[in-house]
Amino acid sequence: MIRNLVEEHVVTAYDAMRPHFPDFCGCDICREDALVFALNRIPARYVSSRTGSVVTEVNLEKEQSRAAIEVAMMEGMRRISLAPRCGVKGKTSAQ
């Protein structure tokens with residue numbers, strides 16, 4: 001089975017960071033928009049074997065990789081909170 005391990009790390013980052021963004025709606029639409037925003041900015045890391053998974057997980061746990069994922073997620077939540085597609089709490093302030 002082919003998997004993108006970055007996706008799992010992006011979801012984990014979202015779950016950890018969500019409480020720190022009270023202006024972020026967090027509905028299914030906004031959640032998925034934030035995940036897609038971050039995933040489109042982080043290079044994918046596909047694996048198909050247990051060995052590849054272990055090596056890739058070690059690399060993704062490095063501080064530099066975690067920081068890139070967290071920065072992309074923070075930016076996604078910030079931008080989506082300014083103009084959520086769901087229409088809830090739409091902000092009109094400039095970026």
# chains A, B, ... in the order shown; residues from 1 in each chain; ligands from 1

$ residues_around --residues "Glu75 (chain A)" --least-positions-apart "2" --cutoff "12 Å" --atoms "only C-alpha atoms" --output "PyMOL selection string"
chain A and resi 14+17+21+24+33-39+41+68-73+77-82+95

$ write_last_selection --atoms "C-alpha atoms" --output "CSV table (one decimal), in the first residue's frame"
chain,number,residue,atom,x,y,z
A,14,TYR,CA,-3.6,20.4,12.8
A,17,MET,CA,-2.4,23.6,16.8
A,21,PHE,CA,-6.4,29.5,16.7
A,24,PHE,CA,-10.4,29.4,13.0
A,33,ASP,CA,-9.0,23.5,3.5
A,34,ALA,CA,-6.3,23.9,6.1
A,35,LEU,CA,-5.0,20.4,5.6
A,36,VAL,CA,-5.0,20.8,1.8
A,37,PHE,CA,-3.2,24.2,2.1
A,38,ALA,CA,-0.4,22.7,4.2
A,39,LEU,CA,-0.1,19.5,2.1
A,41,ARG,CA,3.2,23.4,0.4
A,68,ALA,CA,8.1,23.4,8.0
A,69,ILE,CA,4.8,21.5,8.5
A,70,GLU,CA,3.8,23.6,11.5
A,71,VAL,CA,4.5,26.9,9.6
A,72,ALA,CA,2.5,25.7,6.6
A,73,MET,CA,-0.4,24.7,9.0
A,77,MET,CA,-5.3,28.3,9.4
A,78,ARG,CA,-4.6,32.1,9.4
A,79,ARG,CA,-5.6,32.5,5.8
A,80,ILE,CA,-8.7,30.3,6.0
A,81,SER,CA,-9.9,32.1,9.2
A,82,LEU,CA,-9.8,35.4,7.2
A,95,GLN,CA,-3.9,40.3,5.3

$ closest_residue --among "A:Leu60, A:Met74, A:Ala44, A:Cys86" --to "Ala16 (chain A)" --atoms "only C-alpha atoms"
A:Met74

$ closest_residue --among "A:Thr56, A:Arg85, A:Ile2, A:Val10" --to "Asn40 (chain A)" --atoms "only C-alpha atoms"
A:Val10
